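Novice: Please read through the structure below; I'll follow up with questions.
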Amino acid sequence: MRIPLSWLREYVDLPVTGDAMADAHALHAALVKVGLEEETIHGVALTGPIVVGQVLEFVDEPQANGKTIRWCQVLTGPGETRGIVCGAHNFHVGDKVVVTLPGAVLPGPFPIAARKTYGHVSDGMIASARELGLGDEHDGILRLTTLGLDPEVGTDAIALLGLDDLAVEVNVTPDRGYALSIRGIAREYSHSTGSAFRDPATALSPTPAEGFRVAVDDRAPIRGRRGCDVFVTRVVRGIDQSRPTPAWMVSRLELAGIRSISLVVDITNYVMLELGQPIHAYDLAAVSGGILVRRAVAGESLVTLDGQVRTLHAEDLLITDDSGPIGLAGVMGGASTEISDTTIDVLIEAAHFEAVSIARTARRHKLPSEASRRFARGVDPLVAEPAAQRVVDLLIELAGGTADPLGSRWIDAAASAPIHLAEGFVDRLIGVDFSLDEITDSLTAIGCSLEVQTDGWQVTPPSWRPDLVDAPSLAEEVARIVGYDRIPAVLPVAPPGRGLTRAQRVRRATANALAAAGLTEVLAYPFVSTDDIALTDGDAPSVQLANPFDSDMGRLRRSLIPGLARIAHRNLARGLTDLALFEIGAVYLPEGSAAYGVASVPTAARRPEAAVLDELENSIPPQPWHLAALFAGDRRRRSIGQSSEPAGIGDALDAARTVAAVAGVELRIETGAHPALHPGRTAALLVGETLVGHAGELLPAVALERDLPRRIGVLELDLEALIALGSSQVEAGTIAVYPAATQDLSVVVAESVPAGAVRDAVIDGAGALLESATLVDDYRGTGLEPGTKSVTLALRFRAADRTLTAAEATEAKLAGLALAGERLGATLRA
């Protein structure tokens, strides 16, 4: 919302320091105190001298480039005539114009100086409306007669046209629609500073009007509430369309961010900004019979003011006459009843529409407007009649019209529901001791009426505050009006023995370890498609959202892999080809055919009972924490003397080992299977006999379908299970004192025997002297019998109390070989 300072001063007293920018900053500071968000300051960045001039004579001079310029003699003050070159041709001798003299600076900035052009020295410039910041019109220079002005030559044009005004902009939150008006902002400034507020709505005295037929028929109310509860019409006859919009109104509208269109439309926009009540004007001659407010019928259409044909929805609230729809209520009028140059009699509409209905219509038709923006946030239902009267008064004053007794007044707005505010409630909720006078004065200041009761007050909110619906909202208003600075900034003291749980500590440590290893943490949306569910979990049950943002992504994920694949695709499309990503997040695993959802959500007024909390807990599916990682591109880039090394399953396994080390578990790796992973490059990850995840490479067909490289390494772990299986105690190992003895062992086994099984058998057979066994080779080919392979392990032996001999190490190695032969049929490779 943009607020011109000169406009605001009409309804509340602002300090005048002589520095307009300082006044604007002071206004911003005052509005921030009462909860409005500061944005920026708008204003015409120009400086004088800019004066009113009169064209005495001119000569048209054709140029070699085909253009014709005018060499003008312009009177800019008593006895002061200047020669000025002008390229426009829309003025005549005797016209009064705006002249920017040397030394002036126009928006841009564009400094004005006497300069030689087209064979003359132009001593200034005759300005257009756009050059002055008064609008987009640039077809010719600004003639003051078109604005209804006839000032004396030499008059300061900056003050004359209101170009010395500034507007401050604030961001208005959706619950405070009343602040989308000068009336509302003036009231808020009064709350902040104590300055007297003069309500423009109460200063108006609506004249009774009747005889115009209006009916409301809402057969499809939303949330049980009718779409319209106020509809006021007035008629003004005999308007003069040749009259221009006054310069002061054009300036204020431009500062407020609304372009001047025509006098009638400008007046309706002006009143909307002033009082917060959207107004619509119809050409009375184009309206057939009376008006009926109703919902749309399937198949109906409407041509709106922007010339677009709108196919209507059954929930759309319409303004209709005997010919059919003539407007989308609260959003945009229809083209058939538009105000035109031939309009003589005007029908004025000021109504109150239900917020949800208008918001849905505007969103459905992608048709945001200043009117729908206000209705969707809540408009004062009792300001419609004064606003209609304000438009009538301005049309009489500025357009030369005459008020007609024809009109209507249909008001069926429900009174605001009273709220019980218990004594002491505000203090308990806000944490500040407020006096009784501070509470009652604050609520009275915002327009509430109070009735004293034995244990507090019965508070009735004003009509312009639909957001005040309960005691907490009233308490917030007390805190806002008294001042947020009264709320102490006190850090809570944590009770002893509390802090992060072990699971929280492990999750944080895991994220830090993976980041330190070079992976980047990402956050994917939890919403996936049915194809994503099928990819990772087959036909497993999943949670369907009742109201998804995207119908194609309407399920909650069972795996983190689809989200990582989507993020990888986005990065690859932007040229980031080498990726190492990970995510830690919840997955949603419904159990069988269980139904989830809760009938009602408890309020925050007090802590729910244990039974209510249990019901809430049972209304959601299990949500364990998972960890997933994805690797694409090269893990090592090519450089001089070194080839590149692609990422793959090895990187996924390294990440899994890093996570296992942090969780304090020993990870066992076996050949596994997963519906989304390559059957020959999939590892099952186990802790003991418990499966905790998989690592591998995406199926090439899956990668191709998702526009990913053929080779993509992925990992997914059930982090919650991993933490549960891990030890909360980390034991420090002993420091080895005696040297190690190393030997290699190569055995031949059947190709179907996993290398991990060979390693496990050797470890079990070698006994306590074996410190580590590392797989270094898995060979298949020349020199081996068909159907067999050679597995080579690097063994390291050490004793805690002596230096081992080669014979002791060999004996332990052969013991491991013997057990591998017994279990797996392994033989020593020759």
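Identifiers in the structure tokens: chain A, B, ... in order shown; residue index from 1 per chain; ligand index from 1 in order shown.
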Would you return as an NGL selection string the members of region 238-322 of chain A that DSSP assigns to helix (DSSP H, G or I) on this structure's backbone?
Specialist: :A and (247-255 or 263-275 or 284-286)
Novice: Save out the residues we just selected, C-alpha atoms, as a CSV table (one decimal), in the first residue's frame.
Specialist:
```
chain,number,residue,atom,x,y,z
A,247,ALA,CA,-4.1,17.4,-11.4
A,248,TRP,CA,-4.2,16.8,-7.6
A,249,MET,CA,-6.1,13.6,-8.1
A,250,VAL,CA,-3.9,12.4,-10.9
A,251,SER,CA,-0.9,13.1,-8.8
A,252,ARG,CA,-2.2,11.2,-5.8
A,253,LEU,CA,-3.3,8.2,-7.9
A,254,GLU,CA,0.0,8.0,-9.6
A,255,LEU,CA,1.8,8.1,-6.2
A,263,LEU,CA,-12.6,11.1,-14.6
A,264,VAL,CA,-15.3,8.6,-13.6
A,265,VAL,CA,-12.9,5.7,-13.2
A,266,ASP,CA,-10.4,7.8,-11.4
A,267,ILE,CA,-13.0,8.9,-8.9
A,268,THR,CA,-14.0,5.3,-8.1
A,269,ASN,CA,-10.3,4.4,-7.7
A,270,TYR,CA,-9.7,7.4,-5.6
A,271,VAL,CA,-12.6,6.5,-3.2
A,272,MET,CA,-11.3,2.9,-3.0
A,273,LEU,CA,-7.9,4.0,-1.9
A,274,GLU,CA,-9.3,6.6,0.5
A,275,LEU,CA,-11.9,4.4,2.3
A,284,LEU,CA,-26.7,3.2,-16.6
A,285,ALA,CA,-28.0,3.2,-20.2
A,286,ALA,CA,-26.3,-0.1,-20.8
```
Novice: Report as a VMD selection string all protein, DNA and RNA residues lying within 10 Å of region 92-104 of chain A, evaluated on only C-alpha atoms, omitting residues in the same chain fewer than 4 positions from it.
Specialist: chain A and resid 46 to 58 72 to 76 82 84 110 to 115 122 to 129 132 141 to 146 149 to 158 161
Novice: Determine which residues of region 650-794 of chain A DSSP labels as strand (DSSP E or B) from the backbone of this structure, then write them out as a PyMOL selection string.
Specialist: chain A and resi 668-671+677-687+690-698+713-717+741-750+770-779+788-794
Novice: Using only C-alpha atoms, can you tell me which of A:Ala736, A:Ala281, A:Ala355, A:Ala820 comes closest to Thr337 (chain A)?
Specialist: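 Selected residue with least distance to Thr337 (chain A): A:Ala281.
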Novice: Env of Pro646 (chain A): 10 Å cut, atoms = only C-alpha atoms, seq-sep filter 5 positions within chain, self excluded. Answer as an NGL selection string.
Specialist: :A and (578 or 631-637 or 651 or 711-713)
Novice: If you measure from CA of Glu37 (chain A) to CA of Met1 (chain A), what distance in Å do you get, rounded to one decimal?
Specialist: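 Separation between CA of Glu37 (chain A) and CA of Met1 (chain A): 10.3 Å.
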Novice: Please identify all polymer residues within 7 Å of region 696-702 of chain A, counting only C-alpha atoms, omitting same-chain residues fewer than 2 positions from it, and present them as an mmCIF file with N, CA, C and O atoms, in the first residue's frame.
Specialist:
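The new file around31.cif reads:
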```
data_model
loop_
_atom_site.group_PDB
_atom_site.id
_atom_site.type_symbol
_atom_site.label_atom_id
_atom_site.label_comp_id
_atom_site.auth_asym_id
_atom_site.auth_seq_id
_atom_site.Cartn_x
_atom_site.Cartn_y
_atom_site.Cartn_z
ATOM 1 N N GLY A 648 30.253 -43.619 -8.875
ATOM 2 C CA GLY A 648 29.410 -44.794 -9.003
ATOM 3 C C GLY A 648 29.152 -45.446 -7.668
ATOM 4 O O GLY A 648 29.105 -44.784 -6.615
ATOM 5 N N ILE A 649 29.043 -46.768 -7.686
ATOM 6 C CA ILE A 649 28.688 -47.508 -6.490
ATOM 7 C C ILE A 649 29.741 -47.375 -5.398
ATOM 8 O O ILE A 649 29.433 -47.376 -4.205
ATOM 9 N N ALA A 652 28.982 -44.420 -3.287
ATOM 10 C CA ALA A 652 27.830 -44.682 -2.429
ATOM 11 C C ALA A 652 28.229 -45.539 -1.230
ATOM 12 O O ALA A 652 27.792 -45.283 -0.094
ATOM 13 N N ALA A 676 14.928 -50.132 -8.225
ATOM 14 C CA ALA A 676 15.421 -48.988 -8.992
ATOM 15 C C ALA A 676 16.894 -49.105 -9.346
ATOM 16 O O ALA A 676 17.422 -48.249 -10.059
ATOM 17 N N LEU A 677 17.586 -50.174 -8.858
ATOM 18 C CA LEU A 677 19.041 -50.266 -9.008
ATOM 19 C C LEU A 677 19.449 -51.389 -9.954
ATOM 20 O O LEU A 677 18.725 -52.383 -10.130
ATOM 21 N N HIS A 678 20.627 -51.213 -10.549
ATOM 22 C CA HIS A 678 21.213 -52.187 -11.469
ATOM 23 C C HIS A 678 21.400 -53.515 -10.740
ATOM 24 O O HIS A 678 22.007 -53.562 -9.671
ATOM 25 N N ARG A 681 24.917 -54.344 -9.722
ATOM 26 C CA ARG A 681 25.641 -53.299 -8.993
ATOM 27 C C ARG A 681 24.770 -52.767 -7.860
ATOM 28 O O ARG A 681 24.561 -51.563 -7.727
ATOM 29 N N THR A 682 24.256 -53.679 -7.076
ATOM 30 C CA THR A 682 23.422 -53.324 -5.932
ATOM 31 C C THR A 682 23.960 -54.016 -4.703
ATOM 32 O O THR A 682 24.186 -55.239 -4.721
ATOM 33 N N ALA A 683 24.178 -53.261 -3.637
ATOM 34 C CA ALA A 683 24.664 -53.807 -2.375
ATOM 35 C C ALA A 683 23.592 -53.663 -1.323
ATOM 36 O O ALA A 683 22.984 -52.589 -1.184
ATOM 37 N N HIS A 694 20.310 -49.741 1.064
ATOM 38 C CA HIS A 694 20.903 -50.239 -0.173
ATOM 39 C C HIS A 694 21.828 -49.178 -0.762
ATOM 40 O O HIS A 694 21.611 -47.969 -0.569
ATOM 41 N N LEU A 704 17.793 -42.989 -17.971
ATOM 42 C CA LEU A 704 17.436 -42.425 -19.271
ATOM 43 C C LEU A 704 16.048 -41.799 -19.233
ATOM 44 O O LEU A 704 15.819 -40.716 -19.778
ATOM 45 N N GLU A 705 15.110 -42.457 -18.572
ATOM 46 C CA GLU A 705 13.745 -41.945 -18.471
ATOM 47 C C GLU A 705 13.699 -40.599 -17.765
ATOM 48 O O GLU A 705 12.864 -39.743 -18.078
ATOM 49 N N ARG A 706 14.620 -40.380 -16.835
ATOM 50 C CA ARG A 706 14.645 -39.132 -16.078
ATOM 51 C C ARG A 706 15.702 -38.159 -16.587
ATOM 52 O O ARG A 706 16.080 -37.210 -15.894
ATOM 53 N N ARG A 710 23.928 -42.112 -17.723
ATOM 54 C CA ARG A 710 23.718 -43.561 -17.636
ATOM 55 C C ARG A 710 24.194 -44.109 -16.297
ATOM 56 O O ARG A 710 23.617 -45.068 -15.766
ATOM 57 N N ARG A 711 25.252 -43.516 -15.746
ATOM 58 C CA ARG A 711 25.835 -44.036 -14.508
ATOM 59 C C ARG A 711 25.570 -43.056 -13.368
ATOM 60 O O ARG A 711 26.117 -41.960 -13.339
ATOM 61 N N ILE A 712 24.731 -43.452 -12.434
ATOM 62 C CA ILE A 712 24.373 -42.630 -11.277
ATOM 63 C C ILE A 712 24.480 -43.499 -10.029
ATOM 64 O O ILE A 712 23.788 -44.515 -9.900
ATOM 65 N N GLY A 713 25.353 -43.149 -9.106
ATOM 66 C CA GLY A 713 25.475 -43.868 -7.848
ATOM 67 C C GLY A 713 24.492 -43.332 -6.822
ATOM 68 O O GLY A 713 24.327 -42.109 -6.687
ATOM 69 N N VAL A 714 23.810 -44.237 -6.107
ATOM 70 C CA VAL A 714 22.837 -43.811 -5.105
ATOM 71 C C VAL A 714 22.989 -44.650 -3.839
ATOM 72 O O VAL A 714 23.495 -45.773 -3.861
ATOM 73 N N LEU A 715 22.539 -44.073 -2.752
ATOM 74 C CA LEU A 715 22.557 -44.720 -1.444
ATOM 75 C C LEU A 715 21.302 -44.302 -0.701
ATOM 76 O O LEU A 715 20.900 -43.133 -0.763
#
```
Novice: Which distance in Å separates CA of Gly43 (chain A) and CA of Asp165 (chain A), to one decimal?
Specialist: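 Value for the CA of Gly43 (chain A)-CA of Asp165 (chain A) distance: 6.5 Å.
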Novice: CA of Trp7 (chain A) to CA of Leu27 (chain A): how many Å, to one decimal?
Specialist: 13.0 Å
Novice: So which one's closest to Ala359 (chain A), A:His280, A:Ser772, A:Leu421, A:Pro174? Using only C-alpha atoms, please.
Specialist: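 Among the listed residues, A:Pro174 lies closest to Ala359 (chain A).
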Novice: With only C-alpha atoms as the counted atoms, please give the residues lying no more than 12 Å from Val665 (chain A), apart from itself and same-chain residues fewer than 5 positions off, as a ChimeraX atom specification.
Specialist: /A:506,656-660,685-688,690,692,719,721-731
Novice: Using only C-alpha atoms, determine which residues lie at most 9 Å from Ala740 (chain A), disregarding the query and same-chain residues fewer than 4 positions distant; provide the list as a list in words.
Specialist: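 Near Ala740 (chain A), the qualifying residues are Ala736, Glu771, Arg796, Phe797, Arg798, Ala799, Thr803 and Leu804 of chain A.
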